[in-house]
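*Asks:* Quick one, coords16.cif (mmCIF, C-alpha atoms):
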data_upload
loop_
_atom_site.label_atom_id
_atom_site.label_comp_id
_atom_site.auth_asym_id
_atom_site.auth_seq_id
_atom_site.Cartn_x
_atom_site.Cartn_y
_atom_site.Cartn_z
CA MET A 1 -38.87 2.46 -60.61
CA HIS A 2 -35.66 3.90 -61.66
CA ARG A 3 -34.41 4.52 -58.12
CA ARG A 4 -34.98 1.19 -56.45
CA PRO A 5 -32.13 -0.74 -58.04
CA HIS A 6 -29.87 2.20 -57.33
CA SER A 7 -30.51 2.14 -53.58
CA ALA A 8 -30.09 -1.63 -53.46
CA GLU A 9 -26.70 -1.25 -55.02
CA SER A 10 -25.50 1.57 -52.78
CA PRO A 11 -22.36 0.40 -50.98
CA GLU A 12 -22.45 -0.55 -47.32
CA LEU A 13 -21.24 1.89 -44.73
CA ASN A 14 -17.48 1.87 -44.94
CA LEU A 15 -16.29 0.85 -41.48
CA VAL A 16 -12.62 0.52 -42.31
CA PRO A 17 -11.54 3.97 -41.00
CA VAL A 18 -13.45 3.37 -37.78
CA MET A 19 -11.72 0.01 -37.47
CA ASN A 20 -8.36 1.72 -37.93
CA LEU A 21 -9.14 4.18 -35.21
CA VAL A 22 -10.34 1.54 -32.78
CA THR A 23 -7.36 -0.70 -33.47
CA ILE A 24 -5.02 2.14 -32.58
CA LEU A 25 -7.01 3.11 -29.50
CA ILE A 26 -7.01 -0.39 -28.04
CA PRO A 27 -3.24 -0.78 -27.53
CA PHE A 28 -3.11 2.71 -26.10
CA LEU A 29 -5.89 2.04 -23.61
CA LEU A 30 -4.46 -1.36 -22.77
CA MET A 31 -1.26 0.34 -21.69
CA ALA A 32 -3.10 2.79 -19.49
CA ALA A 33 -5.51 0.24 -18.07
CA GLU A 34 -5.37 -0.39 -14.37
CA PHE A 35 -6.17 -3.92 -13.33
CA VAL A 36 -5.23 -3.62 -9.67
CA SER A 37 -6.17 -0.60 -7.65
CA LEU A 38 -3.66 0.82 -5.22
CA ALA A 39 -4.05 2.67 -1.96
CA VAL A 40 -1.66 4.11 0.57
CA ILE A 41 -1.46 3.94 4.35
CA ASP A 42 -0.09 7.07 5.98
CA SER A 43 2.39 6.77 8.75
CA THR A 44 4.93 9.13 10.21
CA LEU A 45 8.10 8.76 12.13
CA PRO A 46 7.74 9.58 15.78
CA ALA A 47 8.43 13.30 15.99
CA ILE A 48 11.68 14.28 17.61
CA GLY A 49 11.49 17.36 19.76
CA PRO A 50 10.26 18.67 23.06
CA PRO A 51 7.04 17.02 24.17
CA GLN A 52 3.94 19.04 23.52
CA PRO A 53 2.35 20.44 26.64
CA VAL A 54 -0.88 18.58 27.14
CA GLU A 55 -3.75 19.88 29.15
CA GLU A 56 -4.38 16.93 31.34
CA GLU A 57 -7.60 16.15 32.99
CA PRO A 58 -6.70 15.18 36.51
CA ASP A 59 -8.84 12.07 36.68
CA LYS A 60 -7.96 10.73 33.26
CA PRO A 61 -4.33 10.11 32.37
CA PRO A 62 -3.62 10.40 28.62
CA LEU A 63 -3.82 7.23 26.63
CA ASN A 64 -0.51 6.11 25.23
CA LEU A 65 -1.68 3.11 23.31
CA SER A 66 0.90 0.72 21.90
CA LEU A 67 0.58 -2.64 20.24
CA ALA A 68 3.52 -4.95 20.64
CA ILE A 69 3.41 -7.51 17.84
CA THR A 70 5.40 -10.66 18.49
CA GLU A 71 5.34 -14.17 17.14
CA SER A 72 3.22 -15.28 20.09
CA GLY A 73 0.52 -12.68 19.60
CA ILE A 74 -0.29 -9.03 20.15
CA THR A 75 0.12 -7.27 23.47
CA VAL A 76 -1.91 -4.12 24.07
CA LEU A 77 0.12 -1.69 26.17
CA GLY A 78 -0.82 1.56 27.82
CA ALA A 79 -4.47 0.82 28.39
CA ASP A 80 -4.37 -1.29 31.52
CA SER A 81 -7.15 0.72 33.15
CA VAL A 82 -9.53 -0.57 30.47
CA LEU A 83 -8.14 -4.07 30.12
CA PHE A 84 -7.74 -4.77 33.82
CA PRO A 85 -10.22 -2.67 35.81
CA GLU A 86 -9.23 -4.48 39.01
CA GLY A 87 -5.53 -3.96 38.48
CA ALA A 88 -3.09 -5.77 36.26
CA PRO A 89 -2.41 -9.42 37.11
CA PRO A 90 0.95 -9.94 38.74
CA VAL A 91 3.76 -11.10 36.51
CA ALA A 92 6.50 -13.19 38.01
CA GLU A 93 9.93 -11.67 37.90
CA GLY A 94 11.89 -12.59 34.82
CA GLU A 95 8.77 -13.45 32.88
CA THR A 96 6.93 -11.36 30.38
CA ARG A 97 3.24 -10.77 30.43
CA PRO A 98 1.33 -13.14 28.16
CA PRO A 99 0.01 -11.47 25.02
CA THR A 100 -3.38 -9.77 25.29
CA VAL A 101 -4.45 -11.26 21.99
CA PRO A 102 -2.80 -14.68 21.66
CA CYS A 103 -2.59 -16.63 18.43
CA LYS A 104 -5.53 -18.76 17.44
CA SER A 105 -3.45 -21.91 17.19
CA GLY A 106 -1.51 -21.55 20.42
CA ASP A 107 1.92 -20.29 21.37
CA LYS A 108 3.34 -19.38 18.01
CA CYS A 109 1.51 -17.73 15.14
CA THR A 110 2.01 -19.64 11.91
CA GLY A 111 0.79 -16.98 9.51
CA VAL A 112 -1.07 -13.75 9.07
CA ASP A 113 -4.48 -15.30 9.59
CA ASP A 114 -3.39 -17.02 12.77
CA TYR A 115 -3.40 -13.72 14.65
CA ASP A 116 -6.78 -13.10 16.26
CA TRP A 117 -7.59 -9.85 14.44
CA GLU A 118 -11.29 -9.78 15.39
CA GLU A 119 -10.39 -9.98 19.07
CA LEU A 120 -7.86 -7.16 18.62
CA THR A 121 -10.54 -4.96 17.04
CA ARG A 122 -12.94 -5.81 19.86
CA ILE A 123 -10.42 -4.84 22.54
CA LEU A 124 -9.47 -1.64 20.72
CA GLY A 125 -13.19 -0.86 20.49
CA LEU A 126 -13.45 -1.11 24.29
CA ILE A 127 -10.48 1.23 24.67
CA LYS A 128 -12.00 3.64 22.16
CA ASP A 129 -15.19 3.70 24.25
CA GLU A 130 -13.14 4.97 27.19
CA TYR A 131 -11.00 7.37 25.19
CA PRO A 132 -13.21 8.60 22.33
CA ASP A 133 -10.92 11.52 21.44
CA ASP A 134 -7.72 9.55 21.15
CA GLU A 135 -6.64 8.65 17.63
CA ASN A 136 -3.04 7.53 17.91
CA VAL A 137 -1.61 4.08 18.21
CA ILE A 138 2.03 3.02 18.18
CA LEU A 139 3.01 -0.29 16.65
CA VAL A 140 6.05 -1.99 18.12
CA PRO A 141 6.72 -5.05 15.96
CA ASP A 142 9.32 -7.66 16.71
CA GLN A 143 12.39 -8.03 14.43
CA ARG A 144 11.10 -10.87 12.28
CA ILE A 145 7.44 -9.93 12.07
CA LYS A 146 6.44 -9.85 8.43
CA TYR A 147 5.40 -6.60 6.78
CA GLU A 148 2.08 -8.19 5.86
CA VAL A 149 1.25 -8.67 9.54
CA ILE A 150 2.11 -5.04 10.29
CA VAL A 151 -0.19 -3.83 7.50
CA LYS A 152 -2.95 -6.07 8.83
CA ALA A 153 -2.46 -4.67 12.32
CA MET A 154 -2.75 -1.16 10.91
CA ASP A 155 -5.98 -2.15 9.14
CA TYR A 156 -7.61 -3.65 12.19
CA SER A 157 -6.61 -0.83 14.51
CA ARG A 158 -7.80 1.82 12.07
CA GLU A 159 -11.44 0.91 11.85
CA ASP A 160 -14.01 -1.57 13.08
CA ARG A 161 -15.70 -2.97 10.03
CA GLU A 162 -18.19 -5.02 12.02
CA HIS A 163 -19.77 -2.04 13.72
CA LYS A 164 -20.92 0.73 11.45
CA GLY A 165 -21.21 4.26 12.71
CA PRO A 166 -24.33 6.38 12.35
CA ASP A 167 -23.29 7.45 8.84
CA GLY A 168 -22.92 3.87 7.64
CA GLU A 169 -19.13 4.10 7.54
CA PRO A 170 -17.03 1.67 9.57
CA ARG A 171 -16.39 2.93 13.06
CA LEU A 172 -13.02 4.70 13.26
CA LEU A 173 -10.80 3.44 16.05
CA PHE A 174 -7.25 4.75 15.98
CA PRO A 175 -6.52 6.01 12.45
CA PHE A 176 -3.12 7.58 13.13
CA VAL A 177 -0.63 4.78 13.22
CA VAL A 178 3.00 5.30 14.08
CA ILE A 179 5.51 2.51 13.66
CA ALA A 180 8.11 2.54 16.38
CA GLY A 181 11.65 1.51 15.71
CA GLY A 182 11.27 -1.52 17.88
CA ALA A 183 13.54 -2.49 20.69
CA ILE A 184 17.16 -2.22 19.68
CA ASN A 185 18.99 -5.29 20.84
CA MET B 1 -17.89 -1.86 -69.55
CA ALA B 2 -16.76 0.46 -66.82
CA MET B 3 -20.07 0.07 -65.04
CA LYS B 4 -19.78 -3.69 -65.09
CA LYS B 5 -16.36 -3.61 -63.58
CA ALA B 6 -17.45 -1.35 -60.72
CA ARG B 7 -20.31 -3.64 -59.90
CA ARG B 8 -18.07 -6.65 -59.75
CA GLN B 9 -15.70 -4.93 -57.36
CA SER B 10 -18.43 -4.03 -54.96
CA THR B 11 -19.67 -7.60 -54.81
CA ASP B 12 -16.17 -8.99 -54.41
CA ALA B 13 -15.31 -6.92 -51.33
CA GLY B 14 -16.80 -9.64 -49.22
CA LEU B 15 -14.94 -9.34 -45.88
CA ASN B 16 -17.59 -8.60 -43.32
CA ILE B 17 -16.04 -6.66 -40.48
CA THR B 18 -19.24 -5.75 -38.67
CA SER B 19 -18.86 -8.51 -36.06
CA MET B 20 -15.26 -7.50 -35.47
CA MET B 21 -16.44 -3.94 -34.99
CA ASP B 22 -18.91 -5.15 -32.36
CA MET B 23 -16.14 -6.88 -30.47
CA MET B 24 -13.80 -3.92 -30.71
CA THR B 25 -16.47 -1.57 -29.44
CA ILE B 26 -17.04 -3.73 -26.38
CA ILE B 27 -13.30 -3.97 -25.69
CA LEU B 28 -13.02 -0.22 -26.12
CA VAL B 29 -15.71 0.45 -23.53
CA PHE B 30 -14.12 -2.01 -21.10
CA LEU B 31 -10.68 -0.49 -21.48
CA LEU B 32 -12.02 3.04 -21.14
CA LYS B 33 -13.61 1.98 -17.87
CA SER B 34 -10.34 0.70 -16.46
CA TYR B 35 -8.40 3.70 -17.74
CA SER B 36 -6.29 5.20 -15.02
CA THR B 37 -4.23 8.30 -14.74
CA SER B 38 -2.61 7.21 -11.51
CA ASP B 39 0.82 8.66 -10.82
CA VAL B 40 2.09 5.56 -9.11
CA SER B 41 2.93 2.47 -11.03
CA VAL B 42 3.81 -0.87 -9.58
CA ALA B 43 5.71 -3.57 -11.40
CA PRO B 44 4.85 -6.70 -9.47
CA SER B 45 7.25 -9.60 -9.70
CA ASP B 46 8.22 -12.67 -7.73
CA GLN B 47 10.32 -10.47 -5.51
CA LEU B 48 7.78 -7.73 -4.93
CA GLN B 49 4.29 -8.63 -3.81
CA LEU B 50 2.48 -5.86 -2.04
CA PRO B 51 0.20 -6.68 0.88
CA THR B 52 -3.55 -6.20 0.68
CA SER B 53 -5.22 -3.66 2.90
CA SER B 54 -8.58 -2.06 3.56
CA ALA B 55 -7.06 1.41 3.17
CA ILE B 56 -8.79 3.61 0.63
CA LYS B 57 -6.55 6.66 0.39
CA PRO B 58 -5.36 7.17 -3.20
CA PRO B 59 -1.62 7.32 -3.80
CA GLU B 60 0.04 10.58 -4.69
CA LEU B 61 3.27 11.49 -6.39
CA ALA B 62 6.37 11.27 -4.23
CA VAL B 63 9.78 9.68 -4.15
CA ASN B 64 9.28 6.01 -4.93
CA LEU B 65 11.15 3.59 -2.68
CA VAL B 66 10.77 -0.07 -3.56
CA VAL B 67 11.94 -2.71 -1.12
CA ALA B 68 11.77 -6.03 -2.93
CA ARG B 69 13.03 -9.28 -1.50
CA ASN B 70 16.32 -9.04 -3.35
CA ARG B 71 17.07 -5.33 -3.65
CA ILE B 72 16.16 -1.77 -2.76
CA VAL B 73 15.23 0.51 -5.66
CA VAL B 74 14.79 4.29 -5.54
CA ASP B 75 12.83 5.85 -8.41
CA GLY B 76 13.64 2.94 -10.69
CA VAL B 77 17.37 2.82 -9.96
CA PRO B 78 18.67 -0.17 -7.94
CA VAL B 79 20.61 0.99 -4.90
CA VAL B 80 21.37 -1.89 -2.56
CA ASP B 81 21.14 -5.65 -3.02
CA LEU B 82 19.75 -7.61 -0.10
CA THR B 83 21.08 -10.96 1.08
CA VAL B 84 19.57 -13.96 2.77
CA VAL B 85 21.07 -14.84 6.14
CA PRO B 86 20.32 -17.80 8.41
CA ASP B 87 17.83 -17.01 11.13
CA GLU B 88 19.63 -17.16 14.46
CA GLU B 89 16.60 -17.89 16.60
CA HIS B 90 15.07 -20.44 14.29
CA PRO B 91 17.75 -22.83 13.05
CA GLY B 92 17.19 -24.04 9.53
CA GLU B 93 15.20 -21.00 8.50
CA SER B 94 16.53 -17.97 6.70
CA MET B 95 15.51 -14.36 6.47
CA VAL B 96 16.21 -11.38 4.22
CA ALA B 97 18.64 -8.80 5.57
CA VAL B 98 20.69 -5.83 4.52
CA PRO B 99 24.37 -6.86 4.12
CA GLU B 100 26.44 -5.73 7.09
CA ASP B 101 28.98 -3.88 4.92
CA GLU B 102 26.21 -1.71 3.44
CA LYS B 103 25.28 -0.40 6.87
CA ARG B 104 26.71 2.13 9.26
CA GLY B 105 24.90 1.45 12.48
CA GLN B 106 21.23 1.43 11.50
CA VAL B 107 21.74 3.57 8.40
CA ILE B 108 21.98 1.94 4.97
CA THR B 109 24.70 4.18 3.57
CA LYS B 110 24.04 3.99 -0.19
CA LEU B 111 20.32 4.42 0.31
CA TYR B 112 20.96 7.38 2.60
CA ASP B 113 23.16 9.09 0.00
CA ARG B 114 20.58 8.55 -2.74
CA LEU B 115 17.71 9.82 -0.61
CA VAL B 116 19.65 12.91 0.44
CA GLU B 117 20.20 13.66 -3.25
CA LYS B 118 16.47 13.28 -3.85
CA ALA B 119 15.63 15.53 -0.91
CA GLU B 120 18.04 18.22 -2.11
CA ALA B 121 16.61 18.06 -5.63
CA ALA B 122 13.07 18.32 -4.30
CA LYS B 123 14.00 21.30 -2.13
CA THR B 124 15.65 23.12 -5.03
CA LEU B 125 12.57 22.51 -7.09
CA ALA B 126 10.34 23.77 -4.29
CA GLU B 127 12.41 26.95 -3.96
CA GLN B 128 12.26 27.63 -7.67
CA SER B 129 8.53 27.11 -7.92
CA GLY B 130 7.98 29.14 -4.79
CA SER B 131 4.46 27.90 -4.30
CA GLU B 132 3.22 26.31 -1.12
CA GLU B 133 1.85 23.39 -3.08
CA HIS B 134 5.28 22.15 -4.11
CA ALA B 135 6.98 22.64 -0.78
CA PHE B 136 9.15 19.76 0.39
CA LYS B 137 7.20 17.74 2.91
CA GLY B 138 9.35 14.66 3.12
CA ARG B 139 6.80 12.36 1.58
CA ILE B 140 7.99 8.99 0.43
CA LEU B 141 6.08 6.11 -1.12
CA ILE B 142 7.23 2.78 0.21
CA GLN B 143 6.42 -0.35 -1.76
CA ALA B 144 7.59 -3.31 0.25
CA ASP B 145 7.20 -7.02 -0.24
CA LYS B 146 4.79 -8.59 2.18
CA GLU B 147 7.23 -11.27 3.30
CA LEU B 148 9.92 -8.83 4.42
CA PRO B 149 10.86 -8.99 8.10
CA PHE B 150 10.42 -5.84 10.13
CA ALA B 151 14.17 -5.62 10.76
CA VAL B 152 14.79 -4.66 7.11
CA LEU B 153 11.83 -2.33 7.04
CA ARG B 154 12.96 -0.60 10.21
CA GLU B 155 16.41 0.07 8.80
CA VAL B 156 14.88 1.43 5.61
CA MET B 157 12.49 3.66 7.58
CA TYR B 158 15.26 4.84 9.86
CA THR B 159 17.49 5.67 6.88
CA ALA B 160 14.65 7.55 5.19
CA GLY B 161 14.01 9.43 8.42
CA GLN B 162 17.68 10.46 8.62
CA ALA B 163 17.44 11.73 5.04
CA GLN B 164 14.50 13.97 6.07
CA PHE B 165 11.77 11.76 4.66
CA GLY B 166 9.46 11.40 7.62
CA GLU B 167 6.04 11.03 6.03
CA PHE B 168 5.72 7.43 4.91
CA LYS B 169 3.06 6.24 2.56
CA PHE B 170 2.93 2.49 2.39
CA VAL B 171 1.58 1.38 -0.97
CA VAL B 172 -0.85 -1.54 -0.74
CA TYR B 173 -3.36 -3.30 -2.92
CA LYS B 174 -6.91 -2.28 -2.24
CA ALA B 175 -8.92 -5.20 -0.94
CA GLY B 176 -12.02 -6.24 -2.84
#
Let me see the file written as structure tokens.
*Replies:*
Amino acid sequence: MHRRPHSAESPELNLVPVMNLVTILIPFLLMAAEFVSLAVIDSTLPAIGPPQPVEEEPDKPPLNLSLAITESGITVLGADSVLFPEGAPPVAEGETRPPTVPCKSGDKCTGVDDYDWEELTRILGLIKDEYPDDENVILVPDQRIKYEVIVKAMDYSREDREHKGPDGEPRLLFPFVVIAGGAIN
Amino acid sequence: MAMKKARRQSTDAGLNITSMMDMMTIILVFLLKSYSTSDVSVAPSDQLQLPTSSAIKPPELAVNLVVARNRIVVDGVPVVDLTVVPDEEHPGESMVAVPEDEKRGQVITKLYDRLVEKAEAAKTLAEQSGSEEHAFKGRILIQADKELPFAVLREVMYTAGQAQFGEFKFVVYKAG
């Protein structure tokens, strides 16, 4: 009888110190918050030095896969035995070979999405079937190709996201990308 | 008398901060979740928009080379300003380029000097620490704008290569 009014009058839990703490923590955490996540793509300069002696299998020449990226599309070089089993089509003198993966909209690619990336991945998949141990690809972009396109080319030649491997991961194609200096005019 | 006064005070302290506490607690949890201790920081601007990629490798600490659309920055210090020149093959269009007087052949001279300094400093540090972990490996983080033409990028890469930075790490936004 004597206690009841006492407990009713006991003050509420004093939250002010907790509030102080939280108010200080929030600006600190806001500063350290990460709203975009970053990643890196590894690439190296082509090594300068004597060529490494390669143990060649007589019936299988080593793959020296290159992707030439131009404004008219992407040309896959160094894998003619896969792309053209009956021999490469003849190219008239003074003309260049048409790109292996032309732009979706025609002669000149208008943007990043105009390159036919799915087709590139499909072709690289075919090459990977023939050369399962090869992991290198050389990118040879044209002067005015945008960096965005180069990054996209690295993405689509690194892995095939449509076809998962046995472990559920995307199938690795050619993960070691080297960017060549391009043709010096 | 004293008792009466105390009672009045306790009833007057009417600000109810419980709901604010609820909100703060939720914000706190959210911010803790997005807390990052990443070594690499990016300051995006109009002139620097990184491309998006499906790469998943986390960035690591290295010399930070930023190639924005208007300038090249090494570890936060501007080195070379870039210009816009008319595109020879496509009349009416323009493209970003390194000014001719900043170059010696393919090498961007000021950038080369700065990177050599960085390489020397890193090597001295590696010698002093003596451990294999800190050995100079020529790693360089490249943050480049997605609109940059390859010509600029090639000159930057070539210059970095001349200054003994051969292991490029292109910083990109993670897709999704």
*Asks:* Nearest to Gln47 in chain B among B:Lys33, B:Lys110, B:Lys118, B:Arg69, with distances taken over only C-alpha atoms: which residue is it?
*Replies:* B:Arg69
*Asks:* Give me the residues near Pro149 in chain B as an NGL selection string, where near means some atom within 6 Å (using only C-alpha atoms) and where sequence neighbours in that chain fewer than 3 positions away do not count.
*Replies:* (:A and (144-146)) or (:B and (152))
*Asks:* Starting from the PyMOL selection byres ((chain B) within 6 of (chain A)), expand the selection into actual residues of this file and give them as a PyMOL selection string.
*Replies:* chain B and resi 31+34-36+51+56-59+146-151+166-174
*Asks:* Save the residues we just selected, C-alpha atoms, as a CSV table (one decimal), in the coordinates of the input?
*Replies:*
chain,number,residue,atom,x,y,z
B,31,LEU,CA,-10.7,-0.5,-21.5
B,34,SER,CA,-10.3,0.7,-16.5
B,35,TYR,CA,-8.4,3.7,-17.7
B,36,SER,CA,-6.3,5.2,-15.0
B,51,PRO,CA,0.2,-6.7,0.9
B,56,ILE,CA,-8.8,3.6,0.6
B,57,LYS,CA,-6.6,6.7,0.4
B,58,PRO,CA,-5.4,7.2,-3.2
B,59,PRO,CA,-1.6,7.3,-3.8
B,146,LYS,CA,4.8,-8.6,2.2
B,147,GLU,CA,7.2,-11.3,3.3
B,148,LEU,CA,9.9,-8.8,4.4
B,149,PRO,CA,10.9,-9.0,8.1
B,150,PHE,CA,10.4,-5.8,10.1
B,151,ALA,CA,14.2,-5.6,10.8
B,166,GLY,CA,9.5,11.4,7.6
B,167,GLU,CA,6.0,11.0,6.0
B,168,PHE,CA,5.7,7.4,4.9
B,169,LYS,CA,3.1,6.2,2.6
B,170,PHE,CA,2.9,2.5,2.4
B,171,VAL,CA,1.6,1.4,-1.0
B,172,VAL,CA,-0.8,-1.5,-0.7
B,173,TYR,CA,-3.4,-3.3,-2.9
B,174,LYS,CA,-6.9,-2.3,-2.2
*Asks:* Find the distance between CA of Ser54 in chain B and CA of Asn70 in chain B and write it in Å to one decimal.
*Replies:*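 CA of Asn70 in chain B lies at a distance of 26.8 Å from CA of Ser54 in chain B.
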*Asks:* Residues within 8 Å of (2.1, -7.1, 29.7), file coordinates, counting all atoms listed in the file: what are they? Give the list as a PDB file with C-alpha atoms, keeping the file's coordinate frame.
*Replies:*
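In the end it all went to point-v1.pdb:
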ATOM      1  CA  THR A  75       0.120  -7.270  23.470  1.00  0.00           C
ATOM      2  CA  VAL A  76      -1.910  -4.120  24.070  1.00  0.00           C
ATOM      3  CA  LEU A  77       0.120  -1.690  26.170  1.00  0.00           C
ATOM      4  CA  THR A  96       6.930 -11.360  30.380  1.00  0.00           C
ATOM      5  CA  ARG A  97       3.240 -10.770  30.430  1.00  0.00           C
ATOM      6  CA  PRO A  98       1.330 -13.140  28.160  1.00  0.00           C
ATOM      7  CA  PRO A  99       0.010 -11.470  25.020  1.00  0.00           C
ATOM      8  CA  THR A 100      -3.380  -9.770  25.290  1.00  0.00           C
TER       9      THR A 100
END
*Asks:* Can you list, as a PDB file with C-alpha atoms, in the frame of the given file, the residues that the PyMOL selection byres ((chain B and resi 49) around 8) selects here?
*Replies:*
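The file below, part-v2.pdb, is the result:
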ATOM      1  CA  PRO B  44       4.850  -6.700  -9.470  1.00  0.00           C
ATOM      2  CA  SER B  45       7.250  -9.600  -9.700  1.00  0.00           C
ATOM      3  CA  ASP B  46       8.220 -12.670  -7.730  1.00  0.00           C
ATOM      4  CA  GLN B  47      10.320 -10.470  -5.510  1.00  0.00           C
ATOM      5  CA  LEU B  48       7.780  -7.730  -4.930  1.00  0.00           C
ATOM      6  CA  LEU B  50       2.480  -5.860  -2.040  1.00  0.00           C
ATOM      7  CA  PRO B  51       0.200  -6.680   0.880  1.00  0.00           C
ATOM      8  CA  ALA B  68      11.770  -6.030  -2.930  1.00  0.00           C
ATOM      9  CA  ALA B 144       7.590  -3.310   0.250  1.00  0.00           C
ATOM     10  CA  ASP B 145       7.200  -7.020  -0.240  1.00  0.00           C
ATOM     11  CA  LYS B 146       4.790  -8.590   2.180  1.00  0.00           C
TER      12      LYS B 146
END
*Asks:* If I take CA of Gly125 in chain A and CA of Asp107 in chain A, how far is one from the other in Å, to one decimal?
*Replies:* 24.6 Å
*Asks:* Using all atoms listed in the file for the distances, tell me which of B:Ala62, B:Ile27, B:Ala160, B:Val67 is nearest to Phe136 in chain B.
*Replies:* B:Ala62
*Asks:* Could you check the closest approach to Asn64 in chain A for each of A:Val112, A:Asn136, A:Asp167, A:Leu173 and tell me which residue wins, using only C-alpha atoms?
*Replies:*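 For Asn64 in chain A, the nearest of the candidates is A:Asn136.
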*Asks:* What's the 12 Å shell around Glu119 in chain A, counting all atoms listed in the file, without same-chain residues fewer than 2 positions away, as a PyMOL selection string?
*Replies:* chain A and resi 73-76+100-104+114-117+121-126+153+156-157+160+162
*Asks:* For a test of reading the model, state the distance in Å between CA of Thr109 in chain B and CA of Val77 in chain B, rounded to one decimal.
*Replies:*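 Distance reported for this atom pair: 15.4 Å.
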*Asks:* Given the file shown, determine the residues that the PyMOL selection byres ((chain A and resi 78) around 10) selects; report them as a PDB file with C-alpha atoms, in the frame of the given file.
*Replies:*
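Once written, part_27.pdb looks like this:
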ATOM      1  CA  PRO A  62      -3.620  10.400  28.620  1.00  0.00           C
ATOM      2  CA  LEU A  63      -3.820   7.230  26.630  1.00  0.00           C
ATOM      3  CA  ASN A  64      -0.510   6.110  25.230  1.00  0.00           C
ATOM      4  CA  LEU A  65      -1.680   3.110  23.310  1.00  0.00           C
ATOM      5  CA  SER A  66       0.900   0.720  21.900  1.00  0.00           C
ATOM      6  CA  LEU A  67       0.580  -2.640  20.240  1.00  0.00           C
ATOM      7  CA  THR A  75       0.120  -7.270  23.470  1.00  0.00           C
ATOM      8  CA  VAL A  76      -1.910  -4.120  24.070  1.00  0.00           C
ATOM      9  CA  LEU A  77       0.120  -1.690  26.170  1.00  0.00           C
ATOM     10  CA  ALA A  79      -4.470   0.820  28.390  1.00  0.00           C
ATOM     11  CA  ASP A  80      -4.370  -1.290  31.520  1.00  0.00           C
ATOM     12  CA  SER A  81      -7.150   0.720  33.150  1.00  0.00           C
ATOM     13  CA  VAL A  82      -9.530  -0.570  30.470  1.00  0.00           C
ATOM     14  CA  LEU A  83      -8.140  -4.070  30.120  1.00  0.00           C
ATOM     15  CA  VAL A 137      -1.610   4.080  18.210  1.00  0.00           C
TER      16      VAL A 137
END
*Asks:* Can you take the partial range 33-43 of chain A, add N, CA, C and O atoms, and return it as a compact mmCIF listing (two decimals), keeping the file's coordinate frame?
*Replies:*
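Saved file result14.txt follows:
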# COMPACT_ATOMS: atom_id res chain seq x y z
N ALA A 33 -4.49 0.89 -18.90
CA ALA A 33 -5.51 0.24 -18.07
C ALA A 33 -4.93 -0.13 -16.71
O ALA A 33 -3.74 -0.40 -16.57
N GLU A 34 -5.79 -0.10 -15.75
CA GLU A 34 -5.37 -0.39 -14.37
C GLU A 34 -6.15 -1.61 -13.91
O GLU A 34 -7.37 -1.57 -13.78
N PHE A 35 -5.46 -2.70 -13.69
CA PHE A 35 -6.17 -3.92 -13.33
C PHE A 35 -6.15 -4.16 -11.83
O PHE A 35 -6.96 -4.90 -11.31
N VAL A 36 -5.19 -3.56 -11.13
CA VAL A 36 -5.23 -3.62 -9.67
C VAL A 36 -5.30 -2.19 -9.17
O VAL A 36 -4.65 -1.31 -9.70
N SER A 37 -6.10 -1.96 -8.17
CA SER A 37 -6.17 -0.60 -7.65
C SER A 37 -5.32 -0.50 -6.40
O SER A 37 -5.29 -1.39 -5.55
N LEU A 38 -4.61 0.62 -6.31
CA LEU A 38 -3.66 0.82 -5.22
C LEU A 38 -4.23 1.80 -4.20
O LEU A 38 -5.10 2.60 -4.50
N ALA A 39 -3.71 1.71 -3.00
CA ALA A 39 -4.05 2.67 -1.96
C ALA A 39 -2.80 2.89 -1.13
O ALA A 39 -1.82 2.16 -1.28
N VAL A 40 -2.81 3.90 -0.31
CA VAL A 40 -1.66 4.11 0.57
C VAL A 40 -2.12 4.20 2.02
O VAL A 40 -3.25 4.60 2.30
N ILE A 41 -1.23 3.79 2.92
CA ILE A 41 -1.46 3.94 4.35
C ILE A 41 -0.47 4.99 4.83
O ILE A 41 0.73 4.87 4.61
N ASP A 42 -0.97 6.02 5.46
CA ASP A 42 -0.09 7.07 5.98
C ASP A 42 0.50 6.65 7.30
O ASP A 42 -0.16 6.06 8.14
N SER A 43 1.75 6.98 7.45
CA SER A 43 2.39 6.77 8.75
C SER A 43 3.52 7.78 8.84
O SER A 43 4.10 8.16 7.84
